[in-house]
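Enquirer: One file: structure.txt (compact mmCIF, C-alpha atoms).
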```txt
# COMPACT_ATOMS: atom_id res chain seq x y z
CA MET A 299 24.32 22.99 -31.86
CA TRP A 300 21.44 21.45 -33.81
CA PRO A 301 21.27 18.24 -31.69
CA GLU A 302 21.06 20.41 -28.55
CA ILE A 303 18.25 22.45 -30.03
CA ARG A 304 16.36 19.32 -31.03
CA LYS A 305 16.94 17.75 -27.64
CA HIS A 306 15.61 20.68 -25.63
CA LEU A 307 13.21 22.63 -27.84
CA TYR A 308 10.50 20.01 -27.92
CA GLN A 309 10.35 19.80 -24.15
CA PHE A 310 8.54 23.12 -24.28
CA ASP A 311 5.05 23.91 -25.52
CA SER A 312 6.18 27.17 -27.07
CA ALA A 313 9.11 29.53 -27.40
CA VAL A 314 9.47 33.29 -27.16
CA LEU A 315 10.66 34.76 -30.42
CA THR A 316 12.18 38.21 -30.19
CA GLY A 317 13.13 40.37 -33.12
CA LEU A 318 13.30 44.10 -33.67
CA ASP A 319 10.44 46.35 -34.77
CA ALA A 320 10.69 49.37 -37.05
CA GLY A 321 11.57 51.61 -34.11
CA GLY A 322 14.49 49.41 -33.10
CA TYR A 323 12.75 48.13 -29.98
CA PRO A 324 12.68 44.42 -29.19
CA PHE A 325 9.31 42.81 -29.92
CA SER A 326 8.49 39.38 -28.48
CA VAL A 327 5.75 36.90 -29.27
CA ARG A 328 5.12 33.28 -28.32
CA CYS A 329 5.23 30.78 -31.15
CA ARG A 330 5.79 27.10 -31.86
CA PRO A 331 8.92 26.60 -33.98
CA TYR A 332 9.07 23.47 -36.09
CA PRO A 333 11.91 22.11 -38.21
CA ASP A 334 12.19 22.90 -41.88
CA LYS A 335 11.27 19.89 -44.01
CA SER A 336 14.63 20.01 -45.76
CA GLY A 337 16.30 19.23 -42.44
CA ASP A 338 19.01 21.78 -43.09
CA GLY A 339 19.03 23.28 -39.63
CA VAL A 340 16.37 25.94 -40.02
CA LEU A 341 13.29 26.38 -37.88
CA MET A 342 10.03 27.52 -39.37
CA LEU A 343 7.79 29.89 -37.45
CA ALA A 344 4.09 30.53 -37.80
CA LEU A 345 3.69 34.13 -36.71
CA PRO A 346 0.42 36.07 -36.70
CA ALA A 347 -0.07 38.27 -39.74
CA GLY A 348 1.24 41.75 -39.16
CA THR A 349 3.70 40.82 -36.39
CA PRO A 350 5.95 43.86 -36.60
CA VAL A 351 9.33 42.12 -36.39
CA ARG A 352 11.82 42.68 -39.16
CA PRO A 353 14.07 40.09 -40.74
CA GLY A 354 17.49 40.16 -39.12
CA PRO A 355 18.98 39.37 -35.74
CA ALA A 356 16.61 37.49 -33.46
CA SER A 357 16.52 34.97 -30.66
CA LEU A 358 14.36 32.17 -29.34
CA LEU A 359 13.96 31.63 -25.61
CA CYS A 360 12.41 28.62 -23.92
CA HIS A 361 11.97 28.66 -20.16
CA LYS A 362 9.85 27.16 -17.43
CA HIS A 363 9.51 26.99 -13.67
CA ASP A 364 7.21 25.29 -11.21
CA GLU A 365 4.63 26.70 -8.79
CA ASN A 366 7.40 27.58 -6.33
CA LEU A 367 9.54 29.29 -8.90
CA TRP A 368 11.95 26.37 -8.76
CA ASN A 369 13.02 23.56 -11.09
CA LEU A 370 14.01 26.25 -13.53
CA LYS A 371 15.00 25.37 -17.06
CA SER A 372 15.90 27.72 -19.86
CA PHE A 373 17.94 28.12 -22.99
CA LEU A 374 18.37 30.72 -25.67
CA VAL A 375 19.13 30.33 -29.35
CA ARG A 376 20.68 33.30 -31.08
CA GLY A 377 20.03 33.46 -34.75
CA SER A 378 18.67 35.24 -37.76
CA LEU A 379 15.04 35.74 -38.69
CA GLY A 380 14.07 35.49 -42.33
CA HIS A 381 10.87 36.09 -44.24
CA ASP A 382 9.90 35.09 -47.77
CA VAL A 383 6.94 33.64 -49.64
CA GLY A 384 7.34 30.45 -47.60
CA GLY A 385 6.78 32.36 -44.38
CA TRP A 386 9.00 33.11 -41.41
CA SER A 387 12.15 31.12 -40.68
CA PHE A 388 14.79 31.20 -37.99
CA GLU A 389 18.36 30.18 -38.67
CA PRO A 390 20.12 29.27 -35.43
CA ILE A 391 23.62 30.62 -34.92
CA ARG A 392 24.38 29.78 -31.31
CA PHE A 393 22.81 27.66 -28.57
CA VAL A 394 23.16 29.28 -25.13
CA PRO A 395 22.23 27.00 -22.23
CA GLY A 396 20.54 28.61 -19.25
CA VAL A 397 19.75 27.16 -15.85
CA GLY A 398 18.71 23.52 -15.60
CA ILE A 399 20.73 22.34 -18.59
CA GLY A 400 24.01 20.47 -18.32
CA GLY A 401 23.67 18.95 -14.86
CA LEU A 402 26.10 19.41 -11.97
CA PRO A 403 29.12 20.38 -14.11
CA ALA A 404 27.10 23.26 -15.59
CA ILE A 405 26.02 24.38 -12.12
CA MET A 406 29.64 24.41 -10.93
CA ARG A 407 30.71 26.36 -14.02
CA PHE A 408 27.88 28.84 -13.46
CA PHE A 409 28.88 29.57 -9.87
CA THR A 410 32.61 29.75 -10.48
CA SER A 411 32.29 31.96 -13.57
CA SER A 412 29.76 34.25 -11.89
CA ARG A 413 32.01 34.63 -8.88
CA ARG A 414 34.94 35.40 -11.17
CA ASN A 415 32.86 37.92 -13.14
CA ALA A 416 31.89 39.66 -9.91
CA ALA A 417 35.53 39.92 -8.83
CA ARG A 418 36.40 41.38 -12.23
CA TYR A 419 33.56 43.91 -12.01
CA LEU A 420 34.88 45.16 -8.67
CA GLU A 421 38.50 45.11 -9.76
CA LYS A 422 37.81 47.19 -12.89
CA ARG A 423 36.26 49.89 -10.71
CA GLY A 424 38.85 49.72 -7.95
CA LEU A 425 36.20 48.66 -5.45
CA ALA A 426 36.66 46.51 -2.38
CA ARG A 427 34.41 43.49 -2.03
CA PRO A 428 31.31 44.87 -0.31
CA ARG A 429 30.01 43.38 2.90
CA ILE A 430 26.66 41.65 2.58
CA PRO A 431 24.22 42.46 5.43
CA TRP A 432 23.32 38.83 6.08
CA ASP A 433 21.70 39.66 9.42
CA GLU A 434 19.25 42.04 7.73
CA ILE A 435 18.55 39.55 4.95
CA ASN A 436 17.98 36.75 7.43
CA ALA A 437 15.69 38.96 9.52
CA VAL A 438 13.42 39.42 6.50
CA LYS A 439 13.67 35.71 5.73
CA ASP A 440 12.73 34.77 9.31
CA GLU A 441 9.81 37.20 9.20
CA VAL A 442 8.49 35.62 6.00
CA PHE A 443 8.92 32.00 7.01
CA SER A 444 7.61 32.43 10.53
CA ALA A 445 4.42 34.09 9.34
CA PRO A 446 1.47 31.74 9.89
CA ASP A 447 -0.29 32.80 6.70
CA ARG A 448 2.76 32.63 4.46
CA MET B 31 4.11 49.10 -36.14
CA ASN B 32 2.59 47.55 -39.24
CA ARG B 33 0.05 45.60 -37.34
CA SER B 34 -3.00 47.59 -36.36
CA SER B 35 -3.55 47.37 -32.63
CA ARG B 36 -6.64 48.75 -30.93
CA SER B 37 -5.99 51.63 -28.58
CA VAL B 38 -7.32 51.66 -25.02
CA ALA B 39 -7.40 54.76 -22.82
CA LYS B 40 -7.90 53.22 -19.38
CA PHE B 41 -5.26 51.11 -17.61
CA PRO B 42 -7.12 47.80 -17.36
CA PRO B 43 -6.93 46.04 -13.98
CA GLU B 44 -6.05 42.73 -15.63
CA ILE B 45 -2.82 44.28 -16.88
CA GLU B 46 -1.86 45.41 -13.38
CA ASP B 47 -2.74 41.90 -12.15
CA VAL B 48 -0.27 40.45 -14.63
CA PHE B 49 2.44 42.92 -13.59
CA ARG B 50 1.83 42.12 -9.93
CA GLU B 51 1.32 38.35 -10.02
CA PHE B 52 3.42 36.87 -12.82
CA ARG B 53 6.55 35.34 -11.34
CA THR B 54 8.75 36.03 -14.33
CA CYS B 55 8.82 38.02 -17.51
CA GLU B 56 10.98 37.57 -20.58
CA THR B 57 13.35 40.52 -20.57
CA THR B 58 15.13 41.49 -23.76
CA THR B 59 18.21 43.66 -24.07
CA LEU B 60 20.24 44.23 -27.20
CA ALA B 61 23.70 42.75 -27.60
CA ARG B 62 26.54 44.74 -29.16
CA ASP B 63 25.80 43.21 -32.59
CA GLY B 64 22.11 44.12 -32.29
CA THR B 65 20.86 40.63 -31.47
CA PRO B 66 17.97 40.72 -29.01
CA ILE B 67 18.95 38.63 -25.99
CA THR B 68 16.05 37.38 -23.91
CA TRP B 69 16.17 35.77 -20.48
CA PRO B 70 13.56 35.21 -17.80
CA THR B 71 13.80 37.70 -14.94
CA LEU B 72 11.84 38.65 -11.82
CA PRO B 73 10.08 41.95 -12.57
CA PHE B 74 8.87 44.37 -9.90
CA TRP B 75 6.26 46.87 -11.04
CA ARG B 76 6.41 50.13 -9.09
CA PRO B 77 3.26 51.97 -10.17
CA ASP B 78 3.92 55.01 -7.99
CA GLU B 79 7.19 55.53 -9.82
CA GLY B 80 5.83 54.50 -13.21
CA HIS B 81 8.54 51.98 -13.91
CA PHE B 82 9.63 48.38 -13.51
CA MET B 83 12.60 47.42 -11.41
CA ILE B 84 14.77 44.46 -12.30
CA THR B 85 17.97 43.58 -10.52
CA THR B 86 20.88 41.37 -11.42
CA SER B 87 24.14 40.39 -9.78
CA ILE B 88 27.44 41.99 -10.75
CA GLY B 89 28.44 38.43 -11.61
CA LEU B 90 25.69 38.29 -14.24
CA ALA B 91 25.93 41.83 -15.50
CA GLN B 92 25.66 41.36 -19.26
CA LYS B 93 22.12 42.74 -19.48
CA VAL B 94 23.28 45.82 -17.57
CA PHE B 95 26.17 46.34 -19.98
CA ASN B 96 23.69 46.00 -22.85
CA VAL B 97 21.32 48.56 -21.33
CA ARG B 98 24.08 51.09 -20.74
CA ARG B 99 25.00 50.86 -24.41
CA GLU B 100 21.45 50.59 -25.81
CA PRO B 101 18.48 51.46 -23.57
CA ARG B 102 15.72 50.03 -25.77
CA VAL B 103 14.35 46.92 -24.06
CA SER B 104 11.18 44.88 -23.80
CA LEU B 105 9.44 42.81 -21.15
CA LEU B 106 7.03 40.09 -22.23
CA PHE B 107 4.70 38.63 -19.62
CA SER B 108 3.65 35.36 -21.20
CA ASN B 109 4.24 32.61 -18.62
CA PRO B 110 1.41 32.63 -16.04
CA THR B 111 2.70 29.63 -14.05
CA ALA B 112 2.03 30.14 -10.32
CA SER B 113 0.37 33.51 -10.85
CA GLY B 114 -3.02 32.25 -9.72
CA LEU B 115 -4.63 34.20 -12.55
CA GLU B 116 -7.18 32.53 -14.76
CA ASN B 117 -6.78 33.06 -18.45
CA PRO B 118 -4.63 36.19 -18.09
CA PRO B 119 -3.54 38.28 -21.04
CA ALA B 120 0.00 38.19 -22.37
CA VAL B 121 1.51 41.65 -22.07
CA LEU B 122 4.41 43.21 -23.94
CA VAL B 123 6.08 46.30 -22.51
CA GLN B 124 8.53 48.15 -24.70
CA GLY B 125 10.52 50.73 -22.86
CA ASP B 126 13.69 52.58 -22.10
CA ALA B 127 15.98 51.27 -19.42
CA GLU B 128 18.66 52.79 -17.27
CA ALA B 129 21.17 50.96 -15.11
CA PRO B 130 23.28 53.15 -12.83
CA ASP B 131 26.78 51.93 -11.99
CA GLU B 132 25.96 51.56 -8.33
CA ILE B 133 26.28 48.26 -6.49
CA VAL B 134 23.45 47.70 -4.05
CA THR B 135 23.96 45.39 -1.10
CA SER B 136 21.67 47.02 1.44
CA ILE B 137 18.10 45.79 1.50
CA GLU B 138 16.82 49.21 2.57
CA GLY B 139 14.10 50.23 0.15
CA PHE B 140 13.93 46.70 -1.26
CA GLU B 141 12.34 44.94 1.72
CA ASP B 142 9.01 44.39 -0.02
CA GLU B 143 10.70 42.86 -3.05
CA LEU B 144 12.85 40.60 -0.86
CA ARG B 145 9.76 39.39 1.02
CA LYS B 146 8.08 38.71 -2.28
CA VAL B 147 11.04 36.65 -3.52
CA TYR B 148 11.08 34.51 -0.37
CA ARG B 149 7.31 33.96 -0.55
CA ARG B 150 7.38 33.08 -4.21
CA GLN B 151 10.65 31.13 -4.28
CA PRO B 152 10.95 29.55 -0.84
CA ALA B 153 13.93 27.40 -1.84
CA SER B 154 16.00 30.56 -2.27
CA ARG B 155 16.32 30.81 1.50
CA VAL B 156 19.09 28.21 1.36
CA TYR B 157 21.53 30.76 -0.12
CA SER B 158 21.98 32.56 3.19
CA SER B 159 21.53 29.56 5.44
CA ASN B 160 25.12 28.87 6.53
CA LEU B 161 28.61 30.35 6.48
CA LEU B 162 29.86 28.31 3.54
CA LEU B 163 26.93 29.24 1.30
CA ARG B 164 27.17 32.89 2.35
CA TYR B 165 30.83 32.84 1.31
CA LEU B 166 30.07 31.11 -2.00
CA MET B 167 26.99 33.24 -2.77
CA ASP B 168 28.00 36.72 -1.65
CA TRP B 169 28.44 37.82 -5.28
CA TYR B 170 24.75 37.08 -5.89
CA CYS B 171 23.77 39.71 -3.31
CA MET B 172 25.87 42.43 -4.99
CA ARG B 173 23.08 43.80 -7.14
CA LEU B 174 22.75 46.23 -10.00
CA VAL B 175 19.36 47.83 -10.55
CA ILE B 176 17.68 48.32 -13.92
CA HIS B 177 14.71 50.66 -14.21
CA VAL B 178 12.46 50.24 -17.23
CA THR B 179 10.14 53.09 -18.13
CA PRO B 180 7.32 51.85 -20.39
CA ARG B 181 6.94 53.60 -23.73
CA ARG B 182 4.41 51.21 -25.19
CA ILE B 183 2.20 48.50 -23.71
CA LEU B 184 0.43 45.89 -25.85
CA TRP B 185 -1.54 42.89 -24.72
CA TRP B 186 -3.23 39.84 -26.10
CA PRO B 187 -6.41 38.88 -24.20
CA GLY B 188 -6.22 35.31 -22.91
CA GLY B 189 -2.62 35.08 -24.10
CA GLU B 190 -3.88 34.42 -27.61
CA PHE B 191 -1.16 35.79 -29.83
CA TRP B 192 -3.24 35.10 -32.91
CA GLN B 193 -5.60 37.87 -31.91
CA GLU B 194 -4.96 41.48 -32.74
CA PRO B 195 -3.27 43.01 -29.68
CA LEU B 196 -4.71 45.89 -27.70
CA GLU B 197 -2.55 48.88 -26.99
CA LEU B 198 -2.61 51.19 -24.00
CA GLU B 199 -2.48 54.92 -24.48
CA MET B 200 0.65 55.77 -22.55
CA ASP B 201 -0.74 58.72 -20.60
CA CYS B 202 -2.63 56.06 -18.60
CA VAL B 203 0.63 54.86 -17.05
CA ALA B 204 1.32 56.50 -13.70
```
Go through the file and emit its structure as structure tokens.
Expert:
Amino acid sequence: MWPEIRKHLYQFDSAVLTGLDAGGYPFSVRCRPYPDKSGDGVLMLALPAGTPVRPGPASLLCHKHDENLWNLKSFLVRGSLGHDVGGWSFEPIRFVPGVGIGGLPAIMRFFTSSRRNAARYLEKRGLARPRIPWDEINAVKDEVFSAPDR
Amino acid sequence: MNRSSRSVAKFPPEIEDVFREFRTCETTTLARDGTPITWPTLPFWRPDEGHFMITTSIGLAQKVFNVRREPRVSLLFSNPTASGLENPPAVLVQGDAEAPDEIVTSIEGFEDELRKVYRRQPASRVYSSNLLLRYLMDWYCMRLVIHVTPRRILWWPGGEFWQEPLELEMDCVA
């Protein structure tokens, strides 16, 4: 897990840290994680004073896209947020690749598992596979892409 | 909240600009073990209804399962890429979500959002471009809807998280 985090984390300017506030709601801020000097697999976080997250379960998300909302890349690290006199730290527990990581094999896995999940969702509810109104979708698509001022 | 945020009574236009123009937001739901799980999503702000709409496929339904079990969620708008906004604020919406167990395939009532997706993500048109892709991608068009009603809105002018955030008085939200 740690090599994957190292490989991908530093391709991003910042990460979104999310923890829980006192009311149990998620609270997210952008930060720049950096490795603990001891090298023991902990990330240090410089968070603004008074950031209302509590030590405990947390996650770090990195993501990006281009001007056309394409060339997506993302990953999530599940972990645990800690706080002591040394400041805030994040102990990774699991690396979860998102889109744009893992190449073609990951894309194939994504599509096959999503298709399988969808079939399971329908099966659990005793539902037939619904028909997709492709003609209606394509009519909207044609309208958008034929517009001169798109 | 420990941190003292400054309260603002009027819904600032720059916040609406962010809701309208940002391509993605970082949506957090809570896993069964309480871990906040955050992924980028396409948010649609519906001011007349006073909530955000997010959709996901039944093949990627984990955030819906999370919401049905635990409705507390957040949306962070912190990536301004492609928004066209100069020096926009970062905005955090904390809210309550609901996700009915109804699969939506019709585009009726979602035409504006579909147009917006095609305009903003032109490459997505390939998914419906031929019979093979329609067969392989039909699951993606079986959508579940999540509505997020804001309970608290905070923002950091200029996206500077080191500043003290401002907070909107919630009776300003439509």
Enquirer: Give as a ChimeraX atom specification the set of residues within 9 Å of the point (8.7, 54.6, -17.0), where distances use the file's coordinates and all atoms listed in the file.
Expert: /B:79-82,125-127,177-181,203-204
Enquirer: From the options B:Arg155, B:Arg53, B:Arg150, B:Lys93, which residue's atoms come nearest to Lys439 in chain A, counting all atoms listed in the file?
Expert: B:Arg155
Enquirer: Counting all atoms listed in the file, select every polymer residue within 12 Å of (13.2, 19.3, -24.2) as defined in the file's coordinates, and provide the selection as a list in words.
Expert: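 With a cut-off of 12 Å, the residues come to Pro301, Glu302, Ile303, Arg304, Lys305, His306, Leu307, Tyr308, Gln309, Phe310, Asp311, Ser312, Ala313, Cys360, His361, Lys362, Lys371, Ser372, Phe373, Gly398 and Ile399 of chain A.
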Enquirer: Give the residues of chain A that lie within 7 Å of chain B; count all atoms listed in the file, and format the answer as an MDAnalysis selection string.
Expert: chainID A and resid 316:317 320 323:326 328 346 348:350 355:357 359 364:368 412:413 415:416 419 430:431 438:439 442 448
Enquirer: Go ahead and save the residues from that selection, with C-alpha atoms, as a PDB file, keeping the file's coordinate frame.
Expert:
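out09.pdb was written with the following content:
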```
ATOM      1  CA  THR A 316      12.180  38.210 -30.190  1.00  0.00           C
ATOM      2  CA  GLY A 317      13.130  40.370 -33.120  1.00  0.00           C
ATOM      3  CA  ALA A 320      10.690  49.370 -37.050  1.00  0.00           C
ATOM      4  CA  TYR A 323      12.750  48.130 -29.980  1.00  0.00           C
ATOM      5  CA  PRO A 324      12.680  44.420 -29.190  1.00  0.00           C
ATOM      6  CA  PHE A 325       9.310  42.810 -29.920  1.00  0.00           C
ATOM      7  CA  SER A 326       8.490  39.380 -28.480  1.00  0.00           C
ATOM      8  CA  ARG A 328       5.120  33.280 -28.320  1.00  0.00           C
ATOM      9  CA  PRO A 346       0.420  36.070 -36.700  1.00  0.00           C
ATOM     10  CA  GLY A 348       1.240  41.750 -39.160  1.00  0.00           C
ATOM     11  CA  THR A 349       3.700  40.820 -36.390  1.00  0.00           C
ATOM     12  CA  PRO A 350       5.950  43.860 -36.600  1.00  0.00           C
ATOM     13  CA  PRO A 355      18.980  39.370 -35.740  1.00  0.00           C
ATOM     14  CA  ALA A 356      16.610  37.490 -33.460  1.00  0.00           C
ATOM     15  CA  SER A 357      16.520  34.970 -30.660  1.00  0.00           C
ATOM     16  CA  LEU A 359      13.960  31.630 -25.610  1.00  0.00           C
ATOM     17  CA  ASP A 364       7.210  25.290 -11.210  1.00  0.00           C
ATOM     18  CA  GLU A 365       4.630  26.700  -8.790  1.00  0.00           C
ATOM     19  CA  ASN A 366       7.400  27.580  -6.330  1.00  0.00           C
ATOM     20  CA  LEU A 367       9.540  29.290  -8.900  1.00  0.00           C
ATOM     21  CA  TRP A 368      11.950  26.370  -8.760  1.00  0.00           C
ATOM     22  CA  SER A 412      29.760  34.250 -11.890  1.00  0.00           C
ATOM     23  CA  ARG A 413      32.010  34.630  -8.880  1.00  0.00           C
ATOM     24  CA  ASN A 415      32.860  37.920 -13.140  1.00  0.00           C
ATOM     25  CA  ALA A 416      31.890  39.660  -9.910  1.00  0.00           C
ATOM     26  CA  TYR A 419      33.560  43.910 -12.010  1.00  0.00           C
ATOM     27  CA  ILE A 430      26.660  41.650   2.580  1.00  0.00           C
ATOM     28  CA  PRO A 431      24.220  42.460   5.430  1.00  0.00           C
ATOM     29  CA  VAL A 438      13.420  39.420   6.500  1.00  0.00           C
ATOM     30  CA  LYS A 439      13.670  35.710   5.730  1.00  0.00           C
ATOM     31  CA  VAL A 442       8.490  35.620   6.000  1.00  0.00           C
ATOM     32  CA  ARG A 448       2.760  32.630   4.460  1.00  0.00           C
TER      33      ARG A 448
END
```
Enquirer: Using CA of Met299 in chain A and CA of Cys329 in chain A as the two end points, give the distance in Å to one decimal.
Expert: 20.6 Å
Enquirer: Go ahead and compute the interatomic distance for CA of Arg182 in chain B and CA of Met200 in chain B, in Å to one decimal.
Expert: 6.5 Å
Enquirer: Have a look at CA of Ile176 in chain B and CA of Thr85 in chain B and let me know their distance in Å, one decimal.
Expert: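 Interatomic distance here is 5.8 Å.
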Enquirer: Which one is closest to Leu425 in chain A: B:Phe74, B:Glu132, B:Ile183, B:Val156? Count all atoms listed in the file.
Expert: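 For Leu425 in chain A, the nearest of the given residues is B:Glu132.
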Enquirer: Counting all atoms listed in the file, which residue out of A:Lys422, A:His363, A:Arg376, A:His381 sits closest to Phe52 in chain B?
Expert: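 When distances to Phe52 in chain B are compared using all atoms listed in the file, the smallest one comes from A:His363.
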